[in-house]
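Undergrad: Quick one: this structure, given as structure tokens, is what I'll be asking you about.
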Amino acid sequence: MQLEQQLREQLRGKDILLMTHIVLGYPSFEVNREVIKQMVESGVDCIEMQIPFSEPMADGPVILKANQDSLAMGTRVDECFSFAAEITRQHNIPFLFMTYYNIIFKYGEEKFFEHAQECGITGLIVPDLPPEMGTSFLALAKSYQIAPILIFTPTSTDKRMRELEKYGNGFIYCVARRGVTGKKSSLDQEFNAYLQRCKNSTKLPLAVGFGIQSKEDIERLKGKADMAVIGSRTIQLVEAEGAEAVGQFIASLR
Amino acid sequence: MQLEQQLREQLRGKDILLMTHIVLGYPSFEVNREVIKQMVESGVDCIEMQIPFSEPMADGPVILKANQDSLAMGTRVDECFSFAAEITRQHNIPFLFMTYYNIIFKYGEEKFFEHAQECGITGLIVPDLPPEMGTSFLALAKSYQIAPILIFTPTSTDKRMRELEKYGNGFIYCVARRGVTGKKSSLDQEFNAYLQRCKNSTKLPLAVGFGIQSKEDIERLKGKADMAVIGSRTIQLVEAEGAEAVGQFIASLR
Amino acid sequence: MDHNGFFGNWGGAYIPEVLHQTFQELKEEYRKSRRDPAFWQEYISLMSTYSCRPTPLTYAENLTHHFGGAKIYIKREDLNHTGAHKANNVMGQGLLVKRMGKTRVIAETGAGQHGMATATMAAKFGLECTIYMGEEDVLRQRPNVFWMEKMGATVIPVKDGSRTLKDAINQAFRDWVTNVDNTHYVFGTACGPAPFPEMVSWFQSVIGNEAAEQIMKYHGKMPSHIYACVGGGSNAMGIFQRFLGEQGVELIGVEAGGHGADSGAHAIRLSSPDATPGVAQGYKTMFLQNDDGQMKHTHSVAAGLDYVGVSPILSDLWDKNQVRFESATDTEVMQALDLTMKKEGIIPALESSHAFAGAFKEVGQLAKDDAIIINQSGRGDKDIFTIAHAFEDPSWKEFIIDRAREYSK
Amino acid sequence: MDHNGFFGNWGGAYIPEVLHQTFQELKEEYRKSRRDPAFWQEYISLMSTYSCRPTPLTYAENLTHHFGGAKIYIKREDLNHTGAHKANNVMGQGLLVKRMGKTRVIAETGAGQHGMATATMAAKFGLECTIYMGEEDVLRQRPNVFWMEKMGATVIPVKDGSRTLKDAINQAFRDWVTNVDNTHYVFGTACGPAPFPEMVSWFQSVIGNEAAEQIMKYHGKMPSHIYACVGGGSNAMGIFQRFLGEQGVELIGVEAGGHGADSGAHAIRLSSPDATPGVAQGYKTMFLQNDDGQMKHTHSVAAGLDYVGVSPILSDLWDKNQVRFESATDTEVMQALDLTMKKEGIIPALESSHAFAGAFKEVGQLAKDDAIIINQSGRGDKDIFTIAHAFEDPSWKEFIIDRAREYSK
Ligand SMILES: Cc1ncc(COP(=O)(O)O)c(C=O)c1O
Ligand SMILES: Cc1ncc(COP(=O)(O)O)c(C=O)c1O
């Protein structure tokens with residue numbers, strides 16, 4: 001409830017919210033720090049921080065490489081927690097963890113939630129954990145008041161959406177298309193129909209992600225979604241032009 | 001009968017006869033001519049001239065190579081006949097053709113015998129023609145008065161020897177051991193027993209071949225065989241020391 | 001399998017939401033087919049006209065005398081079309097694909113055997129086909145890549161991670177979530193999200209069913225031991241299932257010992273303390289991972305065993321002490337291969353040679369009137385580049401150098 | 001076969017006298033075995049437990065549709081242990097060797113398949129083994145040499161003559177006459193002195209016997225055409241025999257057209273005027289020879305068809321118009337191979353691909369309700385070096401160059 005309320009408050013006076021994605025430890029925690037600062041200052045409303053995993057099966061080449069490079073430089077899960085604690089103290093927007101289930105499972109589910117809560121994390125995105133596999137996870141999410149972000153996809157039937165929504169909290173993550181992160185999505189008529197179906201299936205705020213890359217994309221989502229998610233694009237930007245370029249890019253999206 | 005009589009005549013006054021082997025066209029007909037001359041002058045009693053064949057399955061490496069090289073230089077069957085005609089006119093010892101059956105078959109059996117007779121050839125050694133396969137061959141041999149030389153081997157049973165002898169003429173070629181031409185044979189006790197079996201099986205003169213290489217070998221055969229056959233040894237000698245060396249070598253054997 | 005795809009504590013289906021619907025359809029088709037005797041009949045008839053089923057059970061007389069213990073029988077999956085048990089699984093899934101009306105298949109491959117089998121099936125069934133193969137494995141198993149391409153498949157070398165089997169699996173999933181509508185992912189072993197572990201084991205069960213009948217016919221009673229190598233676990237499950245619960249039959253899975261259990265360079269999940277429970281590649285099992293849950297690099301001379309996870313069904317049987325797990329090192333495996341070639345004129349795949357090595361360690365102590373079965377999951381002549389290399393055969397090296405000289409001109 | 005080993009004008013036993021006795025024993029053992037039903041039973045049981053008999057008959061649905069003519073069935077000798085029909089002959093002779101009490105076997109080999117099969121049999125039967133292989137073939141088929149050596153055989157490259165199959169045969173005979181007491185020469189095809197042509201054909205007859213039963217079961221009537229490649233002629237004899245004299249079954253032997261019938265670079269004995277009757281390698285048949293009776297060089301992309309002679313039994317059937325002979329060029333053969341891989345997921349050996357090429361030229365014109373059988377004598381994955389080379393596959397070349405670089409260090 002915490003996360004949903006916070007987002008709804010932020011939505012007052014804004015057409016649409018912006019969520020961005022960073023991969024922790026890539027290219028370094030240093031750079032993460034700077035990027036987040038710029039994002040927050042440029043008006044990002046929510047940030048998902050990915051704890052890297054060696055097998056990121058739902059990620060495309062950009063984020064996949066970021067995961068691997070981060071791990072190759074020695075990033076540990078505990079460091080991700082410390083970093084989160086630091087960041088959430090500094091910035092007053094919601095921060096989420098995005099990671100694969102094994103990171104949580106191996107850490108110990110309850111311990112993970114406990115630490116996440118201590119670190120000020122308000123939501124969790126776990127792309128390989130459908131609710132059927134997450135009974136204890138969902139129960140813990142409830143007791144630790146951390147929103148489990150469920151995912152709608154273009155292949156989800158209405159029935160499936162209604163089922164997912166029962167477990168969801170904070171917001172629903174609508175992936176814009178089939179596939180992995182990174183490639184551009186065409187936000188066409190078919191997409192609009194799909195988004196309408198999503199809307200009909202939940203009362204939670206709707207975030208749209210996967211391939212959202214430009215002001216134009218975001219304009220198209222206004223009125224149809226509550227939050228736009230920028231993923232791979234900022235990672236590429238940092239790779240190409242450095243952390244400094246992020247602020248300007250984010251500002252240009254609004 | 002011609003050949004047998006001639007050999008028996010030559011045997012008068014000699015302990016043992018010598019037969020030598022040359023491969024026609026190897027290293028050239030020129031050299032063949034010189035080698036034969038030296039052989040005859042040094043007292044060789046009989047010469048088998050091999051018409052080369054591309055598949056000399058019963059020959060060892062020395063004669064095999066001689067066959068191949070002769071063919072590679074273009075030796076033709078008709079040249080072998082012309083050469084034989086020339087040589088038999090010049091020298092007054094028996095000359096035989098040795099070759100594989102395909103040469104005869106392809107030439108035409110009757111035509112082959114006719115030409116062989118015209119060229120003064122008195123015997124034929126065909127190592128891949130057992131009498132069962134040679135019905136017409138044996139009949140032609142009889143009518144053209146050319147001796148078909150049959151072969152006894154250490155694996156021949158007494159029964160088989162008696163059978164072979166029925167078809168044989170001129171002499172019997174006892175191969176000294178299992179195997180192909182060229183390698184040294186040990187003329188031991190077992191060999192003596194075998195030679196005795198050969199003797200018991202035929203009234204024809206006995207020639208012993210395969211691996212006879214030295215005066216010592218020939219000494220051992222005296223009294224047991226009628227003729228010793230020198231094969232690969234002279235070919236190697238010509239290769240190593242030239243045609244001139246042959247006369248001295250032959251002389252040294254006696 | 002419970003309704004969530006678990007076997008005891010293991011298994012499940014940890015899949016991206018975009019695959020939910022396609023898994024529903026797959027499970028439904030699988031359930032229907034499994035209930036339909038005509039399906040199994042069609043499957044058996046396909047396997048006996050296109051592949052060589054039933055595969056023989058060979059009595060290894062010379063090896064038996066050599067070790068002087070129990071009688072050694074070899075189940076000859078190497079005689080399958082394409083040279084390994086992988087054909088059983090692939091042809092079965094091919095029939096399902098036809099029923100589901102999909103037009104494209106994808107697969108991961110380690111040794112190349114599963115890729116070969118899938119490319120073969122795709123050619124036969126007229127399906128489009130893409131094979132993901134770790135770059136390192138592409139290098140190890142080039143001939144298989146050549147044949148896959150010749151059969152019309154596209155082979156994509158995977159350059160991420162450790163560039164082996166697990167990375168090829170991730171990449172195949174990435175393809176699948178993108179092309180889910182027309183594409184079926186032909187999973188190659190008894191791992192991955194449910195229903196794959198059970199479904200693959202079902203298709204492979206033909207091995208054990210035949211073996212049971214054959215051993216009764218030749219030996220008159222059940223075997224005392226059955227040995228199978230364990231990569232993902234499909235050939236092991238294939239032969240084990242029929243004998244589970246048979247009195248007096250011990251089932252032994254042989255894992256890849258690599259440079260040794262203590263070396264860190266191996267792929268031993270169940271018979272060493274190096275693996276811990278985890279969730280990856282869509283399922284929960286014992287994984288070789290670090291304390292953070294990051295997967296470790298593995299090593300085996302056999303590409304097909306060089307994998308971080310293991311069938312959840314085997315983890316369950318291990319939990320329940322119904323299957324014993326052992327390992328064999330690269331060196332032991334090469335020795336077992338050498339002996340088997342010389343004594344029986346049979347060339348097991350490097351993967352299968354693990355089962356032989358495992359059996360050879362024990363068979364001498366077993367009673368002479370008992371029999372054991374070794375599952376020969378595949379043939380080794382595909383592995384010429386690895387095997388000739390591992391034996392350091394000098395004339396092989398010379399031959400390759402000569403060939404290269406010709407190609408470099 | 002008459003008592004001198006002739007089939008019409010062809011055959012016989014033109015052997016050095018030293019072999020007379022051993023041939024007597026061989027003929028006697030063969031005659032006894034042929035009369036003894038227990039022998040054939042032992043043979044069939046060996047082949048069904050050690051190799052994969054009966055081999056399947058596969059309906060090639062896609063090829064059938066592609067050509068739009070008669071139904072195409074493929075007899076799958078490629079699924080035999082060691083990958084070719086050669087196993088049938090070798091295992092049969094192995095049983096005879098055991099009965100004769102000999103302890104050593106020798107063989108010639110062209111493609112390497114017969115050598116592989118013989119080395120395998122020798123390992124299984126505990127016999128010493130020496131394989132003669134033309135030097136050129138050693139180069140073409142190095143992997144087979146590696147495996148033969150690994151199975152304990154000694155492989156001797158033959159450097160005489162054209163350094164191919166016929167020279168290996170001569171060399172094997174030279175070994176035989178030397179070691180006749182303990183050695184049996186396992187002749188690899190339906191050629192050579194009697195009783196080999198008939199005896200080898202007898203062992204191979206298992207192919208046609210199975211095929212007849214199978215085609216009746218699947219197709220309900222006899223096939224209209226049967227295609228087999230013809231090197232020495234053993235796989236062709238193997239499948240043809242059973243159908244000789246069957247009404248409406250046409251038998252077609254496909255020879256190696258090499259660079260074309262007019263090129264002089266081929267191995268066409270019966271379907272071109274280039275061959276004439278001759279006697280070599282122990283038997284009388286149609287040989288590719290010059291006017292003096294010297295054997296010519298032959299050429300084929302398939303080592304196993306690259307031979308100057310042909311089975312005397314086939315020459316006789318050709319004389320009597322009971323078998324029709326055609327040829328396929330190297331180019332046609334590569335195309336047929338390519339198509340078969342893509343359409344059916346099956347990789348015929350280059351030798352066998354000749355039978356496919358021959359059939360593909362005709363099958364489109366044949367009635368749809370008829371069926372043809374193509375004898376797939378072996379599998380092509382052994383030929384990777386030749387096939388990848390012939391297709392000029394660039395990544396294959398690169399791979400070889402990389403490997404060589406590693407070995408040259
Ligand atoms: C011949 C062979 N055996 C065994 C395996 C291991 O797989 P599994 O454990 O699923 O049988 C492979 C995998 O590629 C293989 O090719
Ligand atoms: C696969 C295969 N097919 C055919 C042949 C030709 O032999 P044959 O004509 O005796 O069947 C060979 C010979 O090596 C072979 O390996």
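In the structure tokens, each chain is lettered A, B, ... as it comes, each chain's residues begin at 1, and ligands are numbered from 1 in order of appearance.
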Ligand 2: which residues are within 7 Å, counting only C-alpha atoms and all ligand atoms, as a list in words?
TA: Ala84, His85, Lys86, Thr109, Gly110, Ala111, Gly112, Gln113, His114, Gly188, Thr189, Ala190, Cys229, Val230, Gly231, Gly232, Gly233, Ser234, Asn235, Ala236, Ala303, Gly304, Leu305, Ala349, Glu351, Ser352, Ser377, Gly378 and Arg379 of chain D
Undergrad: Would you list, as a JSON list (two decimals) with N, CA and C atoms, in the first residue's frame, the residues of stretch 82-224 of chain B that end up in strand (DSSP E) under DSSP run on this structure's backbone?
TA:
[["chain", "number", "residue", "atom", "x", "y", "z"],
["B", 95, "PHE", "N", 63.88, -69.75, -72.23],
["B", 95, "PHE", "CA", 63.27, -68.52, -71.68],
["B", 95, "PHE", "C", 61.79, -68.76, -71.43],
["B", 96, "LEU", "N", 61.35, -68.28, -70.25],
["B", 96, "LEU", "CA", 59.93, -68.43, -69.88],
["B", 96, "LEU", "C", 59.33, -67.03, -69.72],
["B", 97, "PHE", "N", 58.04, -66.99, -69.91],
["B", 97, "PHE", "CA", 57.32, -65.80, -69.50],
["B", 97, "PHE", "C", 56.72, -66.06, -68.12],
["B", 98, "MET", "N", 56.83, -65.07, -67.26],
["B", 98, "MET", "CA", 56.06, -65.10, -66.02],
["B", 98, "MET", "C", 55.15, -63.89, -66.08],
["B", 123, "GLY", "N", 58.07, -71.83, -71.76],
["B", 123, "GLY", "CA", 57.26, -72.12, -70.56],
["B", 123, "GLY", "C", 56.56, -70.86, -70.05],
["B", 124, "LEU", "N", 55.51, -71.08, -69.26],
["B", 124, "LEU", "CA", 54.74, -69.96, -68.72],
["B", 124, "LEU", "C", 54.50, -70.17, -67.24],
["B", 125, "ILE", "N", 54.82, -69.14, -66.46],
["B", 125, "ILE", "CA", 54.51, -69.19, -65.03],
["B", 125, "ILE", "C", 53.43, -68.16, -64.74],
["B", 147, "ALA", "N", 55.39, -75.17, -71.90],
["B", 147, "ALA", "CA", 55.16, -75.83, -70.61],
["B", 147, "ALA", "C", 54.44, -74.90, -69.63],
["B", 148, "PRO", "N", 53.30, -75.36, -69.08],
["B", 148, "PRO", "CA", 52.66, -74.61, -68.00],
["B", 148, "PRO", "C", 53.34, -75.03, -66.69],
["B", 149, "ILE", "N", 53.96, -74.04, -66.03],
["B", 149, "ILE", "CA", 54.71, -74.37, -64.82],
["B", 149, "ILE", "C", 53.76, -74.32, -63.62],
["B", 150, "LEU", "N", 53.55, -75.45, -63.01],
["B", 150, "LEU", "CA", 52.67, -75.46, -61.83],
["B", 150, "LEU", "C", 53.50, -75.29, -60.57],
["B", 151, "ILE", "N", 52.80, -74.91, -59.53],
["B", 151, "ILE", "CA", 53.47, -74.46, -58.31],
["B", 151, "ILE", "C", 53.08, -75.31, -57.11],
["B", 152, "PHE", "N", 54.08, -75.81, -56.43],
["B", 152, "PHE", "CA", 53.86, -76.46, -55.13],
["B", 152, "PHE", "C", 54.19, -75.46, -54.03],
["B", 172, "ILE", "N", 58.39, -78.32, -61.94],
["B", 172, "ILE", "CA", 57.50, -77.84, -60.88],
["B", 172, "ILE", "C", 58.23, -76.74, -60.12],
["B", 173, "TYR", "N", 57.51, -75.67, -59.88],
["B", 173, "TYR", "CA", 58.08, -74.55, -59.13],
["B", 173, "TYR", "C", 57.65, -74.71, -57.67],
["B", 174, "CYS", "N", 58.61, -75.09, -56.83],
["B", 174, "CYS", "CA", 58.28, -75.20, -55.40],
["B", 174, "CYS", "C", 58.59, -73.87, -54.73],
["B", 175, "VAL", "N", 57.56, -73.19, -54.20],
["B", 175, "VAL", "CA", 57.90, -71.98, -53.47],
["B", 175, "VAL", "C", 58.34, -72.40, -52.08],
["B", 206, "LEU", "N", 62.46, -80.30, -60.18],
["B", 206, "LEU", "CA", 61.98, -79.39, -59.14],
["B", 206, "LEU", "C", 62.81, -78.13, -59.12],
["B", 207, "ALA", "N", 62.11, -76.99, -59.26],
["B", 207, "ALA", "CA", 62.80, -75.70, -59.07],
["B", 207, "ALA", "C", 62.36, -75.13, -57.74],
["B", 208, "VAL", "N", 63.31, -74.53, -57.01],
["B", 208, "VAL", "CA", 62.93, -73.95, -55.71],
["B", 208, "VAL", "C", 63.16, -72.44, -55.76],
["B", 209, "GLY", "N", 62.13, -71.71, -55.43],
["B", 209, "GLY", "CA", 62.26, -70.25, -55.48],
["B", 209, "GLY", "C", 61.67, -69.58, -54.26]]
Undergrad: With the cut-off set at 8 Å and counting only C-alpha atoms, tabulate each residue of chain C with an atom at most that distance from an atom of chain D, showing the nearest atom pair and its distance in Å to one decimal, ordered by chain and increasing number, as a Markdown table.
TA:
| residue | atom | partner | partner_atom | distance |
| --- | --- | --- | --- | --- |
| C:Ser48 | CA | D:Pro56 | CA | 6.5 |
| C:Thr49 | CA | D:Pro56 | CA | 4.9 |
| C:Tyr50 | CA | D:Thr58 | CA | 5.3 |
| C:Ser51 | CA | D:Pro56 | CA | 7.1 |
| C:Cys52 | CA | D:Pro56 | CA | 6.2 |
| C:Thr55 | CA | D:Cys52 | CA | 6.5 |
| C:Pro56 | CA | D:Thr49 | CA | 4.9 |
| C:Leu57 | CA | D:Thr49 | CA | 5.7 |
| C:Thr58 | CA | D:Thr49 | CA | 5.1 |
| C:Tyr59 | CA | D:Thr49 | CA | 7.6 |
| C:Asn62 | CA | D:Lys124 | CA | 7.3 |
| C:Leu79 | CA | D:Leu79 | CA | 6.1 |
| C:Asn80 | CA | D:Leu79 | CA | 7.0 |
| C:His81 | CA | D:Leu79 | CA | 6.5 |
| C:Ala119 | CA | D:Gly345 | CA | 7.3 |
| C:Thr120 | CA | D:Gly345 | CA | 4.2 |
| C:Met121 | CA | D:Gly345 | CA | 6.6 |
| C:Ala122 | CA | D:Gly345 | CA | 7.6 |
| C:Ala123 | CA | D:Gly345 | CA | 5.0 |
| C:Lys124 | CA | D:Glu344 | CA | 4.5 |
| C:Gly126 | CA | D:Lys343 | CA | 7.5 |
| C:Leu139 | CA | D:Phe399 | CA | 7.6 |
| C:Arg142 | CA | D:Phe399 | CA | 7.3 |
| C:Pro143 | CA | D:Ile384 | CA | 6.8 |
| C:Phe146 | CA | D:Trp396 | CA | 7.3 |
| C:Trp147 | CA | D:Asp381 | CA | 7.9 |
| C:Lys150 | CA | D:Met341 | CA | 6.6 |
| C:Met151 | CA | D:Lys342 | CA | 4.4 |
| C:Gly152 | CA | D:Lys342 | CA | 5.6 |
| C:Asp338 | CA | D:Lys150 | CA | 7.0 |
| C:Met341 | CA | D:Met151 | CA | 5.0 |
| C:Lys342 | CA | D:Met151 | CA | 4.4 |
| C:Lys343 | CA | D:Ala123 | CA | 5.5 |
| C:Glu344 | CA | D:Lys124 | CA | 4.5 |
| C:Gly345 | CA | D:Thr120 | CA | 4.2 |
| C:Ile346 | CA | D:Thr120 | CA | 7.2 |
| C:Asp381 | CA | D:Lys382 | CA | 7.9 |
| C:Lys382 | CA | D:Asp381 | CA | 7.9 |
| C:Ile384 | CA | D:Pro143 | CA | 6.8 |
| C:Ala388 | CA | D:Phe146 | CA | 7.4 |
| C:Trp396 | CA | D:Phe146 | CA | 7.3 |
| C:Lys397 | CA | D:Tyr407 | CA | 6.1 |
| C:Phe399 | CA | D:Arg142 | CA | 7.3 |
| C:Ile400 | CA | D:Ala404 | CA | 5.6 |
| C:Ile401 | CA | D:Ala404 | CA | 4.6 |
| C:Arg403 | CA | D:Ile400 | CA | 7.1 |
| C:Ala404 | CA | D:Ile401 | CA | 4.6 |
| C:Arg405 | CA | D:Ile401 | CA | 7.6 |
| C:Tyr407 | CA | D:Lys397 | CA | 6.1 |
| C:Ser408 | CA | D:Ile401 | CA | 7.2 |
Undergrad: Please identify all polymer residues within 8 Å of B:Thr88, counting only C-alpha atoms, omitting same-chain residues fewer than 4 positions from it, and present them as a PyMOL selection string.
TA: chain B and resi 84+92-95+119-121
Undergrad: Could you state the separation of atom CA of A:Asp188 and atom CA of A:Ala225 in Å, given to one decimal place?
TA: 14.2 Å
Undergrad: Tell me which protein, DNA and RNA residues are within 6 Å of stretch 242-252 of chain A, counting only C-alpha atoms, leaving out same-chain ones fewer than 6 positions away, and put them as an mmCIF file with all heavy atoms, in the first residue's frame.
TA:
data_model
loop_
_atom_site.group_PDB
_atom_site.id
_atom_site.type_symbol
_atom_site.label_atom_id
_atom_site.label_comp_id
_atom_site.auth_asym_id
_atom_site.auth_seq_id
_atom_site.Cartn_x
_atom_site.Cartn_y
_atom_site.Cartn_z
ATOM 1 N N VAL A 35 24.424 8.670 -11.308
ATOM 2 C CA VAL A 35 23.279 8.522 -12.226
ATOM 3 C C VAL A 35 21.972 8.726 -11.461
ATOM 4 O O VAL A 35 21.073 9.444 -11.916
ATOM 5 C CB VAL A 35 23.311 7.140 -12.902
ATOM 6 C CG1 VAL A 35 21.996 6.841 -13.612
ATOM 7 C CG2 VAL A 35 24.480 7.049 -13.884
ATOM 8 N N GLN A 38 21.370 12.364 -10.665
ATOM 9 C CA GLN A 38 20.894 13.096 -11.840
ATOM 10 C C GLN A 38 19.446 12.753 -12.156
ATOM 11 O O GLN A 38 18.649 13.605 -12.536
ATOM 12 C CB GLN A 38 21.768 12.766 -13.046
ATOM 13 C CG GLN A 38 23.203 13.206 -12.864
ATOM 14 C CD GLN A 38 23.750 13.860 -14.129
ATOM 15 O OE1 GLN A 38 23.006 14.082 -15.096
ATOM 16 N NE2 GLN A 38 25.014 14.213 -14.090
ATOM 17 N N MET A 39 19.113 11.485 -12.036
ATOM 18 C CA MET A 39 17.744 11.048 -12.329
ATOM 19 C C MET A 39 16.760 11.736 -11.400
ATOM 20 O O MET A 39 15.758 12.300 -11.833
ATOM 21 C CB MET A 39 17.624 9.523 -12.176
ATOM 22 C CG MET A 39 18.235 8.743 -13.339
ATOM 23 S SD MET A 39 18.258 6.974 -13.004
ATOM 24 C CE MET A 39 18.711 6.329 -14.622
ATOM 25 N N SER A 42 16.407 15.354 -12.058
ATOM 26 C CA SER A 42 15.703 15.650 -13.312
ATOM 27 C C SER A 42 14.245 15.233 -13.261
ATOM 28 O O SER A 42 13.541 15.308 -14.258
ATOM 29 C CB SER A 42 16.362 14.930 -14.477
ATOM 30 O OG SER A 42 17.732 15.002 -14.397
#
Undergrad: For stretch 171-187 of chain D, please output as an MDAnalysis selection string all residues within 8 Å (counting only C-alpha atoms; exclusion window: fewer than 2 positions along the same chain).
TA: (chainID B and resid 57:60 178:180) or (chainID D and resid 16 18:19 22 90 93 97 102:108 118 131:132 158 167:169 189:192 196 200)
Undergrad: Between atom 14 (O, counted along the ligand's line) of ligand 1 and atom CA of C:Phe356, what is the spacing in Å?
TA: 16.3 Å
